[in-house]
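The next block holds one structure in the form of structure tokens; read it before the comments.
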Amino acid sequence: MTACVWREIRFLSILLMVLLIISSITGYTLAILFTGLVGYTLWNLYHINRLSRWLNNPSKKAPESKGVWDDVYYQLYQLYKRQRKARRRLKNILQRFQESTHVLPYAVIVLDSRYNIEWFNPAAKTMFKLNVKSDIGHRIDNLIRLPEFSGYLLNKKFDHQFEFKLAKKAIALSVTPYGQGQLLISARDITQQFLLDNMRRDFVSNASHELRTPVTVIMGYIELLLDKENVKKNHPLEKIQQQSKRLENIISELLVLAKLEAAQVIDSPAQLNTKKLLTEVFDDAIALDNGRHKLSTDIDSVKLNGRYAEIRMAISNLLTNAIRYTDDGGHIKLFAKTDPWGVTIGVKDDGIGIDYTHVSRLTERFYRVDEGRSKEQGGTGLGLAIVKQILDRHGAQLRIQSTPGHGSVFSCYFALGK
């Protein structure tokens, strides 16, 4: 018990002794004790009433009294002051937040747990044509009337941003859950970026198509000019043929990348025959390798959804790279395994390995760790870029582990539900 309670007990004890002394002198014991009890009760009721009025309308001046009630008033007043201080601090934080979001170029919208709009900044007002007086308290999907946007909110898969078109604008929107089911929406106008990406894709696609015909013609004439009996004459022609084939491969892979970038992400991919897919990839690798390496598999039964041709291309690229950059006689393993969180399909080798400083850039187009070796092996520098693009379309990740001189592990990780 607290000190104030002990003081109140002592006060009641003294009061009781006084009443007993008076009652022993006067002889009216019950009457005097009853009067004292009524007086003590009325005293407490009086202070309860005062406390109730003050709580309904708190002020800087708290009620004052004696005994336990004085301590109650004091503690409540201190709590009241702390709450006022916290409210002022929260108000200042909210004001600074609103001031900062008012100057943001991004649209910011705060939703409650039922997707009703609680607040938005001027950029959101302009982007989505919102009105403070009429739109606060209304569901966001009643104001942004797009079926795909409603589906995005209902699915609650906010780990990736949502891109859509609205009033001739391309918008990238992200949702961050917080608090008690509340959502913070941030959106930005990516119209210019969208147009530039389309121009780049069109240029690559058109240029690749235009280059394919002359390269095919060049290769055809080289084959006609090759003379099996004239080795000295054949040497420069073979070099031209080799580089022409490499150029043809680059053009083909650029066209593949352009098609992948232009294609839409699959919302409901079909379940794959993973065993058939991996068997085909492995058989192709054996034919390509021609006995130069020790190829093996360690494949569990895995379930995977996606586009057959794209997944096959991604795994094939990883296996081809391992064959290309592993010295003759090395070991290469194609593996597939599952765990409670997802599916992993990858390739492990004991080849030359890659220094960690290069790993983060391996999926860049035309990036090469060893320029001379890559050209010697016939690589285009686009294989891992294609793999990354395919995995992005399937919501998967490319994971790379490598140690120089000890080999590498390139794996595709598909989380459950992808």
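Here's how to read the names in the structure tokens: chain A, B, ... by the order shown, residue numbers from 1 in each chain, ligand numbers from 1 in the order shown.
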Next on the checklist: When DSSP is applied to the backbone of this structure, which of range 122-208 of chain A are assigned helix (DSSP H, G or I)? Write them out as a PyMOL selection string.
Outcome noted: chain A and resi 122-128+132-135+140-143+147-155+191-208
Selection file, N, CA and C atoms, as a compact mmCIF listing (two decimals), in the first residue's frame:
```txt
# COMPACT_ATOMS: atom_id res chain seq x y z
N PRO A 122 -1.36 17.42 -51.00
CA PRO A 122 -1.75 18.12 -52.23
C PRO A 122 -1.39 17.37 -53.51
N ALA A 123 -0.25 16.63 -53.49
CA ALA A 123 0.13 15.88 -54.69
C ALA A 123 -0.90 14.79 -55.01
N ALA A 124 -1.44 14.15 -53.96
CA ALA A 124 -2.48 13.15 -54.17
C ALA A 124 -3.76 13.80 -54.67
N LYS A 125 -4.05 14.98 -54.15
CA LYS A 125 -5.24 15.72 -54.60
C LYS A 125 -5.17 15.99 -56.10
N THR A 126 -3.97 16.38 -56.58
CA THR A 126 -3.81 16.68 -57.99
C THR A 126 -3.81 15.41 -58.84
N MET A 127 -3.09 14.39 -58.38
CA MET A 127 -2.94 13.17 -59.17
C MET A 127 -4.25 12.42 -59.32
N PHE A 128 -5.01 12.29 -58.22
CA PHE A 128 -6.23 11.49 -58.24
C PHE A 128 -7.51 12.31 -58.22
N VAL A 132 -11.00 17.44 -50.42
CA VAL A 132 -10.93 17.30 -48.96
C VAL A 132 -12.33 17.21 -48.35
N LYS A 133 -13.25 18.03 -48.79
CA LYS A 133 -14.58 18.10 -48.19
C LYS A 133 -15.44 16.88 -48.52
N SER A 134 -15.32 16.38 -49.73
CA SER A 134 -16.24 15.32 -50.14
C SER A 134 -15.64 13.91 -50.13
N ASP A 135 -14.31 13.78 -50.15
CA ASP A 135 -13.70 12.46 -50.31
C ASP A 135 -13.15 11.86 -49.03
N ILE A 140 -11.21 4.27 -50.96
CA ILE A 140 -10.31 4.68 -52.04
C ILE A 140 -10.68 4.03 -53.37
N ASP A 141 -11.16 2.76 -53.33
CA ASP A 141 -11.49 2.08 -54.58
C ASP A 141 -12.81 2.55 -55.17
N ASN A 142 -13.58 3.37 -54.42
CA ASN A 142 -14.76 4.01 -55.01
C ASN A 142 -14.39 5.28 -55.76
N LEU A 143 -13.19 5.78 -55.49
CA LEU A 143 -12.72 7.01 -56.13
C LEU A 143 -11.74 6.71 -57.26
N PRO A 147 -10.65 -2.01 -61.81
CA PRO A 147 -10.77 -3.37 -61.27
C PRO A 147 -9.43 -3.93 -60.79
N GLU A 148 -8.34 -3.64 -61.54
CA GLU A 148 -7.04 -4.18 -61.14
C GLU A 148 -6.54 -3.55 -59.84
N PHE A 149 -6.89 -2.28 -59.60
CA PHE A 149 -6.51 -1.62 -58.35
C PHE A 149 -7.30 -2.21 -57.18
N SER A 150 -8.58 -2.44 -57.38
CA SER A 150 -9.40 -3.08 -56.33
C SER A 150 -8.87 -4.47 -56.01
N GLY A 151 -8.48 -5.21 -57.05
CA GLY A 151 -7.92 -6.53 -56.83
C GLY A 151 -6.61 -6.49 -56.07
N TYR A 152 -5.80 -5.48 -56.36
CA TYR A 152 -4.51 -5.32 -55.66
C TYR A 152 -4.74 -5.09 -54.18
N LEU A 153 -5.73 -4.26 -53.83
CA LEU A 153 -6.03 -4.01 -52.41
C LEU A 153 -6.60 -5.25 -51.74
N LEU A 154 -7.48 -5.96 -52.41
CA LEU A 154 -8.12 -7.13 -51.81
C LEU A 154 -7.13 -8.28 -51.60
N ASN A 155 -6.17 -8.43 -52.52
CA ASN A 155 -5.18 -9.51 -52.40
C ASN A 155 -4.21 -9.27 -51.25
N THR A 191 5.09 8.49 -66.01
CA THR A 191 4.72 8.56 -67.42
C THR A 191 5.95 8.72 -68.31
N GLN A 192 6.85 9.64 -67.93
CA GLN A 192 8.05 9.87 -68.73
C GLN A 192 8.94 8.64 -68.76
N GLN A 193 9.11 8.02 -67.60
CA GLN A 193 9.92 6.80 -67.53
C GLN A 193 9.29 5.69 -68.37
N PHE A 194 7.97 5.60 -68.30
CA PHE A 194 7.24 4.59 -69.08
C PHE A 194 7.44 4.80 -70.58
N LEU A 195 7.35 6.07 -71.02
CA LEU A 195 7.54 6.38 -72.44
C LEU A 195 8.97 6.09 -72.88
N LEU A 196 9.94 6.46 -72.02
CA LEU A 196 11.34 6.21 -72.36
C LEU A 196 11.64 4.72 -72.44
N ASP A 197 11.08 3.94 -71.50
CA ASP A 197 11.28 2.49 -71.53
C ASP A 197 10.69 1.89 -72.80
N ASN A 198 9.51 2.38 -73.19
CA ASN A 198 8.89 1.89 -74.43
C ASN A 198 9.73 2.23 -75.65
N MET A 199 10.27 3.47 -75.65
CA MET A 199 11.13 3.88 -76.77
C MET A 199 12.39 3.02 -76.83
N ARG A 200 12.97 2.73 -75.65
CA ARG A 200 14.18 1.91 -75.61
C ARG A 200 13.89 0.50 -76.11
N ARG A 201 12.78 -0.08 -75.62
CA ARG A 201 12.42 -1.43 -76.05
C ARG A 201 12.14 -1.48 -77.56
N ASP A 202 11.44 -0.46 -78.05
CA ASP A 202 11.14 -0.43 -79.48
C ASP A 202 12.43 -0.31 -80.30
N PHE A 203 13.33 0.54 -79.80
CA PHE A 203 14.59 0.74 -80.53
C PHE A 203 15.39 -0.56 -80.58
N VAL A 204 15.52 -1.23 -79.41
CA VAL A 204 16.28 -2.48 -79.36
C VAL A 204 15.65 -3.53 -80.26
N SER A 205 14.32 -3.64 -80.17
CA SER A 205 13.62 -4.63 -80.98
C SER A 205 13.77 -4.35 -82.47
N ASN A 206 13.55 -3.08 -82.87
CA ASN A 206 13.64 -2.72 -84.29
C ASN A 206 15.07 -2.86 -84.81
N ALA A 207 16.05 -2.38 -83.99
CA ALA A 207 17.44 -2.47 -84.42
C ALA A 207 17.87 -3.92 -84.56
N SER A 208 17.43 -4.76 -83.61
CA SER A 208 17.80 -6.17 -83.67
C SER A 208 17.21 -6.84 -84.92
```
Next on the checklist: Just want the 6 Å neighbourhood of Leu111 in chain A, counted on only C-alpha atoms, with same-chain residues fewer than 2 positions away dropped. Output as number ranges by chain.
Outcome noted: A: 115-118, 182-183
Item to check | Atomic separation - CA of Lys165 in chain A relative to CA of Ile144 in chain A, Å | outcome: 11.0 Å
Next on the checklist: List as a list in words the protein and nucleic acid residues near Ala270 in chain A, meaning an atom at most 8 Å away when only C-alpha atoms are counted, but skip any in the same chain fewer than 2 places from it.
Outcome noted: Ser268, Leu272, Asn305, Gly306 and Arg307 of chain A
Okay, now the selection with N, CA and C atoms, as a PDB file, in the first residue's frame?
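Final file, result35.pdb:
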```pdb
ATOM      1  N   SER A 268      -2.097 -15.504 -62.856  1.00  0.00           N
ATOM      2  CA  SER A 268      -2.401 -16.875 -62.430  1.00  0.00           C
ATOM      3  C   SER A 268      -1.657 -17.871 -63.322  1.00  0.00           C
ATOM      4  N   LEU A 272       3.583 -26.247 -63.649  1.00  0.00           N
ATOM      5  CA  LEU A 272       4.510 -26.801 -64.619  1.00  0.00           C
ATOM      6  C   LEU A 272       4.775 -28.278 -64.340  1.00  0.00           C
ATOM      7  N   ASN A 305       4.700 -23.039 -60.404  1.00  0.00           N
ATOM      8  CA  ASN A 305       3.800 -22.407 -61.358  1.00  0.00           C
ATOM      9  C   ASN A 305       4.572 -21.379 -62.178  1.00  0.00           C
ATOM     10  N   GLY A 306       4.246 -21.263 -63.451  1.00  0.00           N
ATOM     11  CA  GLY A 306       4.920 -20.279 -64.286  1.00  0.00           C
ATOM     12  C   GLY A 306       4.738 -20.594 -65.755  1.00  0.00           C
ATOM     13  N   ARG A 307       5.525 -19.921 -66.587  1.00  0.00           N
ATOM     14  CA  ARG A 307       5.527 -20.166 -68.026  1.00  0.00           C
ATOM     15  C   ARG A 307       6.640 -21.151 -68.351  1.00  0.00           C
TER      16      ARG A 307
END
```
Using only C-alpha atoms, what table do you get, as CSV, when you list each residue of range 248-304 of chain A with an atom no more than 10 Å from range 332-342 of chain A, its nearest pair of atoms, and their distance in Å rounded to one decimal, rows by chain then rising number?
```
residue,atom,partner,partner_atom,distance
A:Thr274,CA,A:Ala336,CA,9.4
A:Lys275,CA,A:Ala336,CA,9.6
A:Leu278,CA,A:Leu334,CA,8.4
A:Thr279,CA,A:Leu334,CA,9.9
A:Val281,CA,A:Leu334,CA,9.3
A:Phe282,CA,A:Leu334,CA,7.6
A:His293,CA,A:Ile332,CA,7.1
A:Lys294,CA,A:Ile332,CA,6.2
A:Leu295,CA,A:Ile332,CA,5.0
A:Ser296,CA,A:Lys333,CA,4.8
A:Thr297,CA,A:Leu334,CA,4.7
A:Asp298,CA,A:Phe335,CA,4.6
A:Ile299,CA,A:Ala336,CA,4.5
A:Asp300,CA,A:Lys337,CA,5.2
A:Ser301,CA,A:Lys337,CA,7.4
A:Val302,CA,A:Thr338,CA,6.2
A:Lys303,CA,A:Thr338,CA,8.4
A:Leu304,CA,A:Gly342,CA,9.3
```
Can you spit out the residues from that selection as a compact mmCIF listing (two decimals), in the first residue's frame, using N, CA and C atoms?
```
# COMPACT_ATOMS: atom_id res chain seq x y z
N THR A 274 7.54 -29.95 -63.78
CA THR A 274 8.93 -29.59 -63.46
C THR A 274 9.90 -30.70 -63.80
N LYS A 275 9.52 -31.94 -63.58
CA LYS A 275 10.40 -33.07 -63.88
C LYS A 275 10.73 -33.11 -65.37
N LEU A 278 13.12 -30.04 -66.29
CA LEU A 278 14.51 -30.21 -65.88
C LEU A 278 15.21 -31.33 -66.64
N THR A 279 14.46 -32.36 -66.99
CA THR A 279 15.04 -33.44 -67.79
C THR A 279 15.45 -32.94 -69.17
N VAL A 281 16.20 -29.81 -70.00
CA VAL A 281 17.35 -28.91 -69.84
C VAL A 281 18.63 -29.72 -69.66
N PHE A 282 18.56 -30.76 -68.84
CA PHE A 282 19.75 -31.56 -68.56
C PHE A 282 20.20 -32.32 -69.82
N HIS A 293 32.65 -32.40 -69.08
CA HIS A 293 32.49 -32.27 -67.63
C HIS A 293 31.72 -33.46 -67.06
N LYS A 294 31.74 -33.56 -65.75
CA LYS A 294 30.97 -34.59 -65.05
C LYS A 294 29.65 -33.97 -64.62
N LEU A 295 28.60 -34.24 -65.35
CA LEU A 295 27.29 -33.66 -65.10
C LEU A 295 26.45 -34.62 -64.26
N SER A 296 25.72 -34.06 -63.27
CA SER A 296 24.86 -34.89 -62.43
C SER A 296 23.63 -34.08 -62.02
N THR A 297 22.66 -34.78 -61.43
CA THR A 297 21.43 -34.11 -60.97
C THR A 297 21.12 -34.54 -59.54
N ASP A 298 20.45 -33.67 -58.83
CA ASP A 298 19.92 -33.96 -57.50
C ASP A 298 18.57 -33.26 -57.41
N ILE A 299 17.55 -33.91 -57.95
CA ILE A 299 16.25 -33.25 -58.16
C ILE A 299 15.18 -33.88 -57.29
N ASP A 300 14.62 -33.09 -56.38
CA ASP A 300 13.47 -33.52 -55.60
C ASP A 300 12.19 -33.27 -56.40
N SER A 301 11.11 -33.85 -55.93
CA SER A 301 9.81 -33.58 -56.55
C SER A 301 9.32 -32.21 -56.07
N VAL A 302 9.24 -31.25 -56.99
CA VAL A 302 8.85 -29.88 -56.63
C VAL A 302 7.66 -29.45 -57.47
N LYS A 303 6.82 -28.60 -56.86
CA LYS A 303 5.67 -28.03 -57.56
C LYS A 303 5.96 -26.56 -57.84
N LEU A 304 5.73 -26.17 -59.09
CA LEU A 304 6.08 -24.81 -59.50
C LEU A 304 5.07 -24.31 -60.53
```
Item to check | Nearby residues (only C-alpha atoms) at most 9 Å from range 309-322 of chain A, same-chain spacing under 6 positions excluded, as number ranges by chain | outcome: A: 260, 277-278, 280-282, 284-285, 288-289, 332-334, 345-351, 379, 383-384, 386-388, 390-391, 394, 408, 410-412
Checklist entry - Taking only C-alpha atoms into account, which of A:Gln241, A:Ser113, A:Gln78, A:Gln180 comes nearest Lys156 in chain A? => result A:Ser113
